[in-house]
Structure formats: C-alpha cells, structure tokens
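Novice: My structure is in structure.cif, and what it holds is mmCIF, C-alpha atoms and all ligand atoms:
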data_data
#
loop_
_atom_site.label_atom_id
_atom_site.label_comp_id
_atom_site.auth_asym_id
_atom_site.auth_seq_id
_atom_site.Cartn_x
_atom_site.Cartn_y
_atom_site.Cartn_z
CA MET A 1 6.90 -40.41 -32.15
CA THR A 2 9.65 -41.30 -34.66
CA ASP A 3 7.29 -40.44 -37.50
CA THR A 4 6.73 -37.00 -36.13
CA ALA A 5 10.42 -36.48 -35.57
CA ARG A 6 11.33 -37.49 -39.12
CA SER A 7 8.73 -35.35 -40.81
CA HIS A 8 9.08 -32.46 -38.41
CA GLY A 9 10.48 -29.99 -40.92
CA ARG A 10 7.81 -30.53 -43.55
CA LYS A 11 5.04 -30.68 -41.01
CA SER A 12 5.89 -27.45 -39.30
CA ILE A 13 5.99 -25.59 -42.63
CA ALA A 14 2.58 -26.94 -43.63
CA ALA A 15 1.10 -26.18 -40.23
CA SER A 16 2.41 -22.64 -40.12
CA ALA A 17 0.42 -21.63 -43.23
CA GLN A 18 -2.83 -22.04 -41.31
CA PRO A 19 -4.02 -21.44 -37.78
CA ARG A 20 -1.85 -23.56 -35.50
CA ASP A 21 -4.37 -24.06 -32.76
CA LEU A 22 -7.54 -22.68 -31.27
CA MET A 23 -5.78 -19.65 -29.86
CA ALA A 24 -4.51 -18.44 -33.22
CA GLU A 25 -6.84 -16.41 -35.39
CA PRO A 26 -10.09 -16.52 -33.43
CA PRO A 27 -12.68 -13.97 -34.52
CA VAL A 28 -12.07 -10.60 -32.91
CA TRP A 29 -14.93 -9.75 -30.57
CA ALA A 30 -16.28 -6.24 -30.67
CA GLY A 31 -15.93 -4.39 -27.38
CA VAL A 32 -13.43 -6.79 -25.83
CA TRP A 33 -9.88 -5.59 -25.23
CA HIS A 34 -7.74 -7.34 -27.77
CA ALA A 35 -4.04 -8.16 -27.86
CA GLN A 36 -2.55 -9.38 -31.09
CA ILE A 37 1.05 -10.63 -31.27
CA ILE A 38 3.05 -10.99 -34.45
CA THR A 39 5.72 -13.56 -33.64
CA LEU A 40 7.82 -16.42 -34.97
CA PHE A 41 6.92 -18.31 -31.79
CA PRO A 42 3.12 -18.34 -31.35
CA GLU A 43 3.56 -21.31 -29.02
CA ALA A 44 5.08 -18.93 -26.46
CA PHE A 45 1.57 -17.51 -25.88
CA PRO A 46 -0.40 -17.17 -23.73
CA GLY A 47 2.52 -18.37 -21.58
CA THR A 48 2.32 -16.78 -18.16
CA LEU A 49 -0.64 -14.69 -19.32
CA GLY A 50 -2.66 -17.92 -19.20
CA LEU A 51 -2.07 -18.22 -15.43
CA SER A 52 -3.69 -16.70 -12.35
CA LEU A 53 -5.68 -13.47 -12.70
CA THR A 54 -4.81 -12.72 -16.33
CA GLY A 55 -5.52 -16.34 -17.30
CA ARG A 56 -8.87 -16.37 -15.51
CA ALA A 57 -9.79 -13.10 -17.21
CA LEU A 58 -8.77 -14.54 -20.58
CA LYS A 59 -10.98 -17.57 -20.00
CA ASP A 60 -13.84 -15.37 -18.87
CA GLY A 61 -13.59 -13.26 -22.02
CA LEU A 62 -12.56 -10.04 -20.27
CA TRP A 63 -9.80 -9.75 -22.85
CA GLN A 64 -8.75 -11.58 -25.95
CA LEU A 65 -5.37 -12.77 -27.20
CA SER A 66 -4.42 -13.91 -30.67
CA THR A 67 -1.14 -14.61 -32.38
CA VAL A 68 -0.14 -13.98 -35.97
CA ASP A 69 2.48 -16.49 -37.07
CA LEU A 70 5.15 -14.53 -38.94
CA ARG A 71 6.41 -17.74 -40.56
CA ALA A 72 3.14 -18.08 -42.48
CA PHE A 73 4.00 -14.87 -44.36
CA GLY A 74 7.53 -16.02 -45.25
CA GLU A 75 9.01 -16.18 -48.73
CA GLY A 76 9.14 -19.32 -50.86
CA LYS A 77 9.02 -22.96 -50.06
CA HIS A 78 11.01 -22.50 -46.86
CA ARG A 79 9.00 -19.47 -45.79
CA ASN A 80 12.09 -17.40 -45.18
CA VAL A 81 11.52 -14.41 -42.93
CA ASP A 82 15.02 -12.95 -42.62
CA ASP A 83 18.09 -12.00 -44.60
CA THR A 84 21.60 -10.66 -44.02
CA PRO A 85 22.00 -7.02 -42.98
CA ALA A 86 22.56 -4.50 -45.77
CA GLY A 87 26.06 -3.09 -45.31
CA GLY A 88 27.29 -6.30 -43.72
CA GLY A 89 27.68 -7.37 -40.14
CA ALA A 90 26.61 -10.23 -37.95
CA GLY A 91 23.21 -11.83 -37.71
CA MET A 92 20.00 -11.63 -39.68
CA VAL A 93 17.32 -8.99 -40.10
CA LEU A 94 13.57 -9.60 -40.43
CA ARG A 95 12.50 -8.75 -44.00
CA PRO A 96 10.19 -5.76 -44.57
CA ASP A 97 8.01 -7.50 -47.19
CA VAL A 98 7.36 -10.46 -44.89
CA MET A 99 6.65 -8.32 -41.82
CA GLY A 100 4.60 -5.91 -43.94
CA ARG A 101 2.26 -8.71 -44.96
CA ALA A 102 1.90 -9.84 -41.36
CA VAL A 103 1.20 -6.29 -40.15
CA GLU A 104 -1.45 -5.74 -42.84
CA HIS A 105 -3.06 -9.06 -42.00
CA ALA A 106 -3.11 -8.12 -38.31
CA LEU A 107 -4.52 -4.65 -38.96
CA ALA A 108 -7.26 -6.08 -41.18
CA ARG A 109 -8.35 -8.32 -38.31
CA ALA A 110 -8.10 -5.72 -35.57
CA PRO A 111 -7.29 -2.13 -36.52
CA GLY A 112 -5.49 -0.09 -33.88
CA PRO A 113 -2.09 0.93 -32.64
CA VAL A 114 0.95 -1.24 -33.33
CA ALA A 115 4.11 -1.31 -31.22
CA PHE A 116 7.46 -2.99 -31.87
CA LEU A 117 9.29 -4.51 -28.91
CA SER A 118 12.80 -3.14 -29.06
CA PRO A 119 15.65 -2.27 -26.69
CA ARG A 120 15.89 1.05 -28.59
CA GLY A 121 12.31 1.95 -27.73
CA ARG A 122 10.71 4.18 -25.16
CA ARG A 123 10.92 2.50 -21.79
CA PHE A 124 7.65 0.86 -20.83
CA ASP A 125 6.14 2.10 -17.56
CA GLN A 126 2.91 2.14 -15.58
CA ALA A 127 1.64 5.19 -17.47
CA MET A 128 2.01 3.29 -20.75
CA ALA A 129 0.28 0.27 -19.26
CA ARG A 130 -2.60 2.55 -18.27
CA HIS A 131 -2.68 4.09 -21.73
CA TRP A 132 -2.75 0.68 -23.43
CA ALA A 133 -5.54 -0.49 -21.14
CA GLU A 134 -7.64 2.48 -22.28
CA LEU A 135 -7.23 1.63 -25.98
CA PRO A 136 -9.53 -0.90 -27.68
CA GLY A 137 -6.49 -3.17 -27.84
CA ILE A 138 -2.95 -3.36 -29.19
CA THR A 139 -0.90 -5.23 -31.76
CA LEU A 140 2.67 -6.07 -30.72
CA ILE A 141 5.48 -7.14 -33.01
CA CYS A 142 8.13 -9.40 -31.51
CA GLY A 143 11.55 -9.08 -33.11
CA ARG A 144 14.16 -11.82 -33.34
CA PHE A 145 17.77 -12.01 -34.57
CA GLU A 146 19.25 -8.52 -35.09
CA GLY A 147 15.83 -6.92 -35.37
CA LEU A 148 13.50 -5.58 -38.05
CA ASP A 149 14.09 -3.70 -41.30
CA GLN A 150 13.71 0.01 -40.44
CA ARG A 151 11.37 0.65 -43.37
CA VAL A 152 8.54 -1.28 -41.71
CA LEU A 153 8.73 0.98 -38.66
CA ASP A 154 8.84 4.10 -40.85
CA HIS A 155 6.10 3.04 -43.23
CA TYR A 156 3.49 2.13 -40.63
CA ARG A 157 4.77 4.71 -38.09
CA ILE A 158 5.24 1.97 -35.51
CA GLU A 159 6.37 3.03 -32.05
CA GLU A 160 9.26 1.11 -30.46
CA VAL A 161 8.80 0.10 -26.84
CA SER A 162 11.47 -1.32 -24.54
CA LEU A 163 11.11 -3.48 -21.44
CA GLY A 164 14.35 -2.05 -20.04
CA ASP A 165 17.99 -1.35 -20.71
CA PHE A 166 19.07 -4.88 -21.53
CA VAL A 167 18.93 -7.08 -24.62
CA LEU A 168 16.65 -10.10 -24.86
CA THR A 169 16.81 -12.78 -27.53
CA GLY A 170 13.33 -11.95 -28.76
CA GLY A 171 10.34 -9.75 -28.06
CA GLU A 172 8.07 -12.48 -26.65
CA ILE A 173 9.01 -12.13 -22.99
CA ALA A 174 8.79 -8.35 -23.23
CA ALA A 175 5.36 -8.61 -24.87
CA GLN A 176 4.09 -10.85 -22.08
CA ALA A 177 5.43 -8.56 -19.39
CA MET A 178 3.84 -5.47 -20.93
CA LEU A 179 0.52 -7.19 -21.65
CA ASP A 180 0.39 -8.47 -18.08
CA ALA A 181 0.81 -4.92 -16.80
CA ALA A 182 -1.93 -3.62 -19.12
CA VAL A 183 -4.42 -6.48 -18.73
CA ARG A 184 -4.47 -6.33 -14.92
CA LEU A 185 -5.72 -2.74 -15.26
CA LEU A 186 -8.73 -3.74 -17.39
CA PRO A 187 -12.08 -3.50 -15.60
CA GLY A 188 -12.92 -6.69 -13.71
CA VAL A 189 -9.53 -8.41 -14.08
CA LEU A 190 -8.45 -7.73 -10.51
CA GLY A 191 -11.22 -8.85 -8.17
CA ASN A 192 -12.31 -6.88 -5.13
CA ALA A 193 -9.63 -8.68 -3.14
CA GLU A 194 -6.84 -7.15 -5.23
CA SER A 195 -6.36 -3.52 -5.91
CA ALA A 196 -4.47 -1.61 -8.57
CA VAL A 197 -5.04 1.63 -6.67
CA GLU A 198 -2.51 1.39 -3.87
CA GLU A 199 0.40 -0.28 -5.59
CA SER A 200 3.92 0.70 -6.50
CA HIS A 201 3.87 3.21 -9.36
CA SER A 202 0.10 3.74 -9.19
CA ASP A 203 0.68 7.14 -7.58
CA GLY A 204 4.34 7.57 -8.52
CA LEU A 205 5.61 6.02 -5.26
CA LEU A 206 6.91 2.57 -4.38
CA GLU A 207 4.70 0.46 -2.16
CA HIS A 208 5.13 0.22 1.60
CA PRO A 209 6.36 -3.13 3.05
CA GLN A 210 3.74 -5.87 3.41
CA TYR A 211 3.38 -8.41 6.23
CA THR A 212 1.11 -11.36 6.98
CA ARG A 213 0.76 -14.17 9.51
CA PRO A 214 2.48 -15.56 11.50
CA ALA A 215 2.87 -12.55 13.79
CA GLU A 216 6.36 -13.71 14.70
CA TRP A 217 8.78 -15.47 12.39
CA LYS A 218 12.42 -16.28 13.19
CA GLY A 219 12.30 -13.76 16.00
CA ARG A 220 10.98 -11.02 13.72
CA GLY A 221 7.69 -9.33 14.53
CA ILE A 222 5.27 -7.25 12.52
CA PRO A 223 5.33 -3.46 13.14
CA ASP A 224 2.94 -2.77 16.07
CA VAL A 225 0.97 -0.16 14.20
CA LEU A 226 -0.21 -2.76 11.67
CA LEU A 227 -1.69 -4.84 14.50
CA SER A 228 -3.24 -1.83 16.26
CA GLY A 229 -6.46 -1.83 14.24
CA HIS A 230 -6.14 1.97 14.00
CA HIS A 231 -6.78 2.61 10.32
CA GLY A 232 -5.76 6.25 10.36
CA GLU A 233 -2.41 5.45 11.97
CA ILE A 234 -1.87 2.51 9.60
CA GLU A 235 -2.48 4.77 6.59
CA LYS A 236 -0.04 7.34 7.94
CA TRP A 237 2.63 4.68 8.58
CA ARG A 238 2.22 3.18 5.12
CA ARG A 239 2.42 6.57 3.44
CA ALA A 240 5.58 7.46 5.38
CA GLN A 241 7.18 4.11 4.49
CA SER A 242 6.24 4.59 0.86
CA GLU A 243 7.82 8.02 0.74
CA ALA A 244 10.97 6.93 2.58
CA LEU A 245 11.47 3.92 0.30
CA THR A 246 10.96 5.96 -2.85
CA ARG A 247 13.32 8.71 -1.66
CA GLU A 248 15.99 6.13 -0.85
CA ARG A 249 15.70 3.73 -3.79
CA ARG A 250 14.40 5.86 -6.62
CA PRO A 251 15.52 9.48 -6.41
CA ASP A 252 14.21 9.94 -9.96
CA LEU A 253 10.67 8.98 -8.94
CA TRP A 254 10.95 11.01 -5.75
CA GLU A 255 11.97 14.15 -7.66
CA ALA A 256 9.05 13.73 -10.05
CA HIS A 257 6.73 13.20 -7.10
CA LEU A 258 7.92 16.40 -5.40
CA ARG A 259 7.50 18.32 -8.64
CA ARG A 260 3.89 17.21 -8.79
CA GLY A 261 3.48 18.55 -5.27
CA GLU A 262 1.73 15.48 -4.00
CA THR A 263 3.47 15.01 -0.66
CA ALA A 264 1.17 14.19 2.20
CA GLY A 265 2.95 16.64 4.45
N1 LIG B 301 20.19 -5.74 -32.49
C1 LIG B 301 19.16 -5.20 -31.66
C2 LIG B 301 18.72 -6.20 -30.58
C3 LIG B 301 18.05 -7.40 -31.15
S1 LIG B 301 17.46 -8.47 -29.90
C4 LIG B 301 19.69 -3.94 -30.98
O1 LIG B 301 20.87 -3.90 -30.66
O2 LIG B 301 18.90 -3.01 -30.73
C5 LIG B 301 16.18 -9.32 -30.77
C6 LIG B 301 14.78 -8.86 -30.49
O3 LIG B 301 14.48 -9.03 -29.13
C7 LIG B 301 14.51 -7.39 -30.78
O4 LIG B 301 14.20 -7.15 -32.13
C8 LIG B 301 13.33 -7.11 -29.86
O5 LIG B 301 12.10 -7.44 -30.47
C9 LIG B 301 13.56 -8.04 -28.70
N2 LIG B 301 14.15 -7.34 -27.54
C10 LIG B 301 15.42 -7.42 -27.10
N3 LIG B 301 15.62 -6.65 -26.02
C11 LIG B 301 14.44 -6.05 -25.75
C12 LIG B 301 14.01 -5.11 -24.76
N4 LIG B 301 14.84 -4.64 -23.82
N5 LIG B 301 12.73 -4.71 -24.79
C13 LIG B 301 11.87 -5.16 -25.73
N6 LIG B 301 12.23 -6.04 -26.70
C14 LIG B 301 13.49 -6.48 -26.73
#
Give the structure from this file in structure tokens form.
Ligand code: SAH
Specialist:
Amino acid sequence: MTDTARSHGRKSIAASAQPRDLMAEPPVWAGVWHAQIITLFPEAFPGTLGLSLTGRALKDGLWQLSTVDLRAFGEGKHRNVDDTPAGGGAGMVLRPDVMGRAVEHALARAPGPVAFLSPRGRRFDQAMARHWAELPGITLICGRFEGLDQRVLDHYRIEEVSLGDFVLTGGEIAAQAMLDAAVRLLPGVLGNAESAVEESHSDGLLEHPQYTRPAEWKGRGIPDVLLSGHHGEIEKWRRAQSEALTRERRPDLWEAHLRRGETAG
C-alpha cells in the first residue's frame, strides 16, 4: 500500500503508455457497434454503461467499448497534454499535436465519425441517438480544462455535441449519457420486456404517466381506465395524457408535433 502510494507518479506514467486494462485497446470486432472514447480518464469507463441493460449487452457482445488514453500520447517525460491559452486567460487547453496523435490512433483502429463533447456543440437529442445507433460506431473525444485547440476540430472536421446548456468539468459524463441513449436503441439491447417504441421523444411527445402495484398507496389510486382491461380505451387515455403533458411542459416539442401533423385527433 505505502509502496504504491510512494511510486504512484512514476507508475501511472509507465502504465499510461500501454493498455491499462482489458477494456482498453481490445481488437475491434467487425460488424459490432463500436464506441471509442478518447479521454484522460479511461477509468471512468464503462461506468454506468457497465450496469443493467447496457452492461448486459456489453458483456454479451452486442456492442463494444474501448478507451484511448490521451495521456499516452502526451509530450515528453511527463506526457504533457495541455498548455496555456494563446492570447492569455485562465486555465489550460488540450494541445493539438497530442490530441491529433490520439485521434489518428483511434481512427486507425476503428474508422468512422468523430464527435467532440462540448457545451458549444449541437444539443444532443433522440434523433441524434437514433442516427448514432445506425452508424457502425462512433469515436468521442472528452475535453477537460478549458477545452481543445480549435485546429483539431477544423482539421478533422469534428462535430461538437453538447449534453445541454450547462458546463461540466469534463466530457466523460456527457459521453456516457449519449452512449447510453444510443446503445439502448441497438438491436437486441432492450429485451421484449422493454420497448423503445412508446417512450418519451420516440414520437416527439413526452410519455404518459406510469403506475404499478399496489393499487392504492397513501390514499392515491390508479386511474380506473388502466385497471379496466380495455386496451382501446387505455391507448386513448395514454395518448391524451401524452399530448396534454407535452403541450403543458414542452411547447417547443408540441409546436413541432403539430407542424408534423401527427395529432391523433
Ligand atoms: N471553456 C469551455 C468549457 C470547458 S469544460 C467553454 O466555455 O465552452 C471542459 C470540458 O467538459 C469540455 O471541453 C467538454 O469536453 C466537457 N463539457 C462541458 N460541458 C459540456 C456539455 N454541456 N456537453 C458536453 N461536454 C461538455
């Protein structure tokens, strides 16, 4: 324990030059959806993606995840990955030469689209999750510090994608959130018991309220129609709830829905 603590600095530099564990740098399987993450924190993966349905699917080989350790491509003895911003200002910026090497390494392993997680990016949504799920796979770059030298984005024509209008400390959480949304749409990941067809955002509407047993809880019952066994009426009720919720909470989605002319009546 004390040994490890004392030599921690040297050890982590040596370890970062080669695959850190079994998850890093496995061979890329042909025909299996592949996510590749360029990150300073490979240990953050699979994280929550290793749990539940996405984790089971990962174990079963329905998709594949690998990390590319940015540190391994760093400069010099200390494997530096960042430097001060040109023009001055606070914080550090990820160097283009270092990230460039990591991107080229990643593309040599698994060619395909690359996206940079960034609060300046296009806002991720269900349509993007669907699009990603239809690709052979995706490579995601997680930023840290103040971000990434612009020239990398320009040179490789990398799209910036945002999780939402807030600033995270790094791209890792955003990458996991987006991958979760894409992976659950891959064939076979959701079993028969779960469905991606009738969910929020699957048809541009928010989902109706859900209930389960017990039939009464703290004096609150379940809407009668749901206990009626009348499937036609249940469908109608759910659709009406869905529309009312969307109209009330997300006027933007509701407007788009009306424009598509998809109202049930
Ligand atoms: N200075 C940058 C923010 C840097 S935050 C700016 O103002 O735009 C550090 C890193 O966290 C970013 O490079 C990005 O990879 C990640 N990040 C932060 N917020 C994010 C968000 N909303 N969506 C996706 N990634 C984000």
Novice: Between CA of Gly112 (chain A) and CA of Leu140 (chain A), measure the distance and give it in Å to one decimal.
Specialist: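 Calculated distance between CA of Gly112 (chain A) and CA of Leu140 (chain A) is 10.6 Å.
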Novice: Between A:Asp224, A:Glu160, A:Glu104, A:Asp60, single out the one closest to ligand LIG 301 (chain B), counting all atoms listed in the file.
Specialist: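 With all atoms listed in the file as the atom set, the closest residue is A:Glu160.
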Novice: With only C-alpha atoms and all ligand atoms counted, collect every polymer residue having an atom within 9 Å of ligand LIG 301 (chain B); state the result as a PyMOL selection string.
Specialist: chain A and resi 91+93-94+116-121+123-124+141-148+160-175
Novice: Just how far from CA of Asp203 (chain A) is CA of Arg260 (chain A), in Å to one decimal?
Specialist: 10.6 Å
Novice: Quick one: pull the distance between CA of Glu216 (chain A) and CA of Ser228 (chain A), Å, one decimal.
Specialist: 15.4 Å
Novice: Taking into account all atoms listed in the file, which residue in the set A:Leu153, A:Leu70, A:Leu245, A:Leu179 is nearest to Gly47 (chain A)?
Specialist: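 Ranking A:Leu153, A:Leu70, A:Leu245, A:Leu179 by distance to Gly47 (chain A), first place goes to A:Leu179.
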Novice: Quick one: residues within 12 Å of His155 (chain A), all atoms listed in the file counted, chain neighbours fewer than 2 positions away excluded, as a CSV table (one decimal) with C-alpha atoms, in the coordinates of the input?
Specialist:
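Result written to out.csv:
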chain,number,residue,atom,x,y,z
A,96,PRO,CA,10.2,-5.8,-44.6
A,97,ASP,CA,8.0,-7.5,-47.2
A,99,MET,CA,6.6,-8.3,-41.8
A,100,GLY,CA,4.6,-5.9,-43.9
A,103,VAL,CA,1.2,-6.3,-40.2
A,104,GLU,CA,-1.4,-5.7,-42.8
A,114,VAL,CA,1.0,-1.2,-33.3
A,149,ASP,CA,14.1,-3.7,-41.3
A,150,GLN,CA,13.7,0.0,-40.4
A,151,ARG,CA,11.4,0.6,-43.4
A,152,VAL,CA,8.5,-1.3,-41.7
A,153,LEU,CA,8.7,1.0,-38.7
A,157,ARG,CA,4.8,4.7,-38.1
A,158,ILE,CA,5.2,2.0,-35.5
A,159,GLU,CA,6.4,3.0,-32.0
Novice: Near Val32 (chain A), within 10 Å and counting only C-alpha atoms, which residues show up once chain neighbours fewer than 4 positions away are dropped, as a short mmCIF file (atom, residue, chain, number, x, y, z; two decimals) with C-alpha atoms, in the frame of the given file?
Specialist:
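This went into out.cif:
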data_model
loop_
_atom_site.label_atom_id
_atom_site.label_comp_id
_atom_site.auth_asym_id
_atom_site.auth_seq_id
_atom_site.Cartn_x
_atom_site.Cartn_y
_atom_site.Cartn_z
CA VAL A 28 -12.07 -10.60 -32.91
CA GLY A 61 -13.59 -13.26 -22.02
CA LEU A 62 -12.56 -10.04 -20.27
CA TRP A 63 -9.80 -9.75 -22.85
CA GLN A 64 -8.75 -11.58 -25.95
CA PRO A 136 -9.53 -0.90 -27.68
CA GLY A 137 -6.49 -3.17 -27.84
#
Novice: If you take every atom of region 223-227 of chain A that the file lists and fit an axis-aligned box around them with 5 Å extra on each side, what centre and edge lengths come out in Å to one decimal, as AutoDock Vina command-line options?
Specialist:
--center_x 1.8 --center_y -2.5 --center_z 13.9 --size_x 17.0 --size_y 14.7 --size_z 14.4
Novice: Counting only C-alpha atoms, figure out which residue out of A:Glu194, A:Asp83, A:Glu75, A:Asp69 gets nearest to Leu53 (chain A).
Specialist: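 Comparing A:Glu194, A:Asp83, A:Glu75, A:Asp69 against Leu53 (chain A), the winner is A:Glu194.
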Novice: Give me the residues within 12 Å of Ser195 (chain A) as a PyMOL selection string, counting all atoms listed in the file and dropping any in the same chain fewer than 6 places off.
Specialist: chain A and resi 184-189+202
Novice: Between A:Arg247, A:Arg130, A:Arg220, A:Lys59, which has the minimum distance to Asp180 (chain A) (counting all atoms listed in the file)?
Specialist: A:Arg130
Novice: Would you list the contacts of Leu253 (chain A) as a ChimeraX atom specification, taking every protein, DNA or RNA residue within 7 Å and counting only C-alpha atoms, but skipping same-chain residues closer than 6 positions in sequence?
Specialist: /A:204-205,246
Novice: For the residues in that selection, give me C-alpha atoms as a JSON list (two decimals), in the frame of the given file.
Specialist:
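File written: selection34.json
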[["chain", "number", "residue", "atom", "x", "y", "z"],
["A", 204, "GLY", "CA", 4.34, 7.57, -8.52],
["A", 205, "LEU", "CA", 5.61, 6.02, -5.26],
["A", 246, "THR", "CA", 10.96, 5.96, -2.85]]
Novice: Near Asn80 (chain A), counting only C-alpha atoms, which residues have an atom at most 10 Å away, once you skip same-chain residues fewer than 2 positions from it, shown as a PyMOL selection string?
Specialist: chain A and resi 70-78+82-83+94-95+98
Novice: How would the residues just chosen look if you wrote them out with C-alpha atoms as a PDB file, keeping the file's coordinate frame?
Specialist:
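Output saved as result-v6.pdb:
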ATOM      1  CA  LEU A  70       5.150 -14.530 -38.940  1.00  0.00           C
ATOM      2  CA  ARG A  71       6.410 -17.740 -40.560  1.00  0.00           C
ATOM      3  CA  ALA A  72       3.140 -18.080 -42.480  1.00  0.00           C
ATOM      4  CA  PHE A  73       4.000 -14.870 -44.360  1.00  0.00           C
ATOM      5  CA  GLY A  74       7.530 -16.020 -45.250  1.00  0.00           C
ATOM      6  CA  GLU A  75       9.010 -16.180 -48.730  1.00  0.00           C
ATOM      7  CA  GLY A  76       9.140 -19.320 -50.860  1.00  0.00           C
ATOM      8  CA  LYS A  77       9.020 -22.960 -50.060  1.00  0.00           C
ATOM      9  CA  HIS A  78      11.010 -22.500 -46.860  1.00  0.00           C
ATOM     10  CA  ASP A  82      15.020 -12.950 -42.620  1.00  0.00           C
ATOM     11  CA  ASP A  83      18.090 -12.000 -44.600  1.00  0.00           C
ATOM     12  CA  LEU A  94      13.570  -9.600 -40.430  1.00  0.00           C
ATOM     13  CA  ARG A  95      12.500  -8.750 -44.000  1.00  0.00           C
ATOM     14  CA  VAL A  98       7.360 -10.460 -44.890  1.00  0.00           C
TER      15      VAL A  98
END
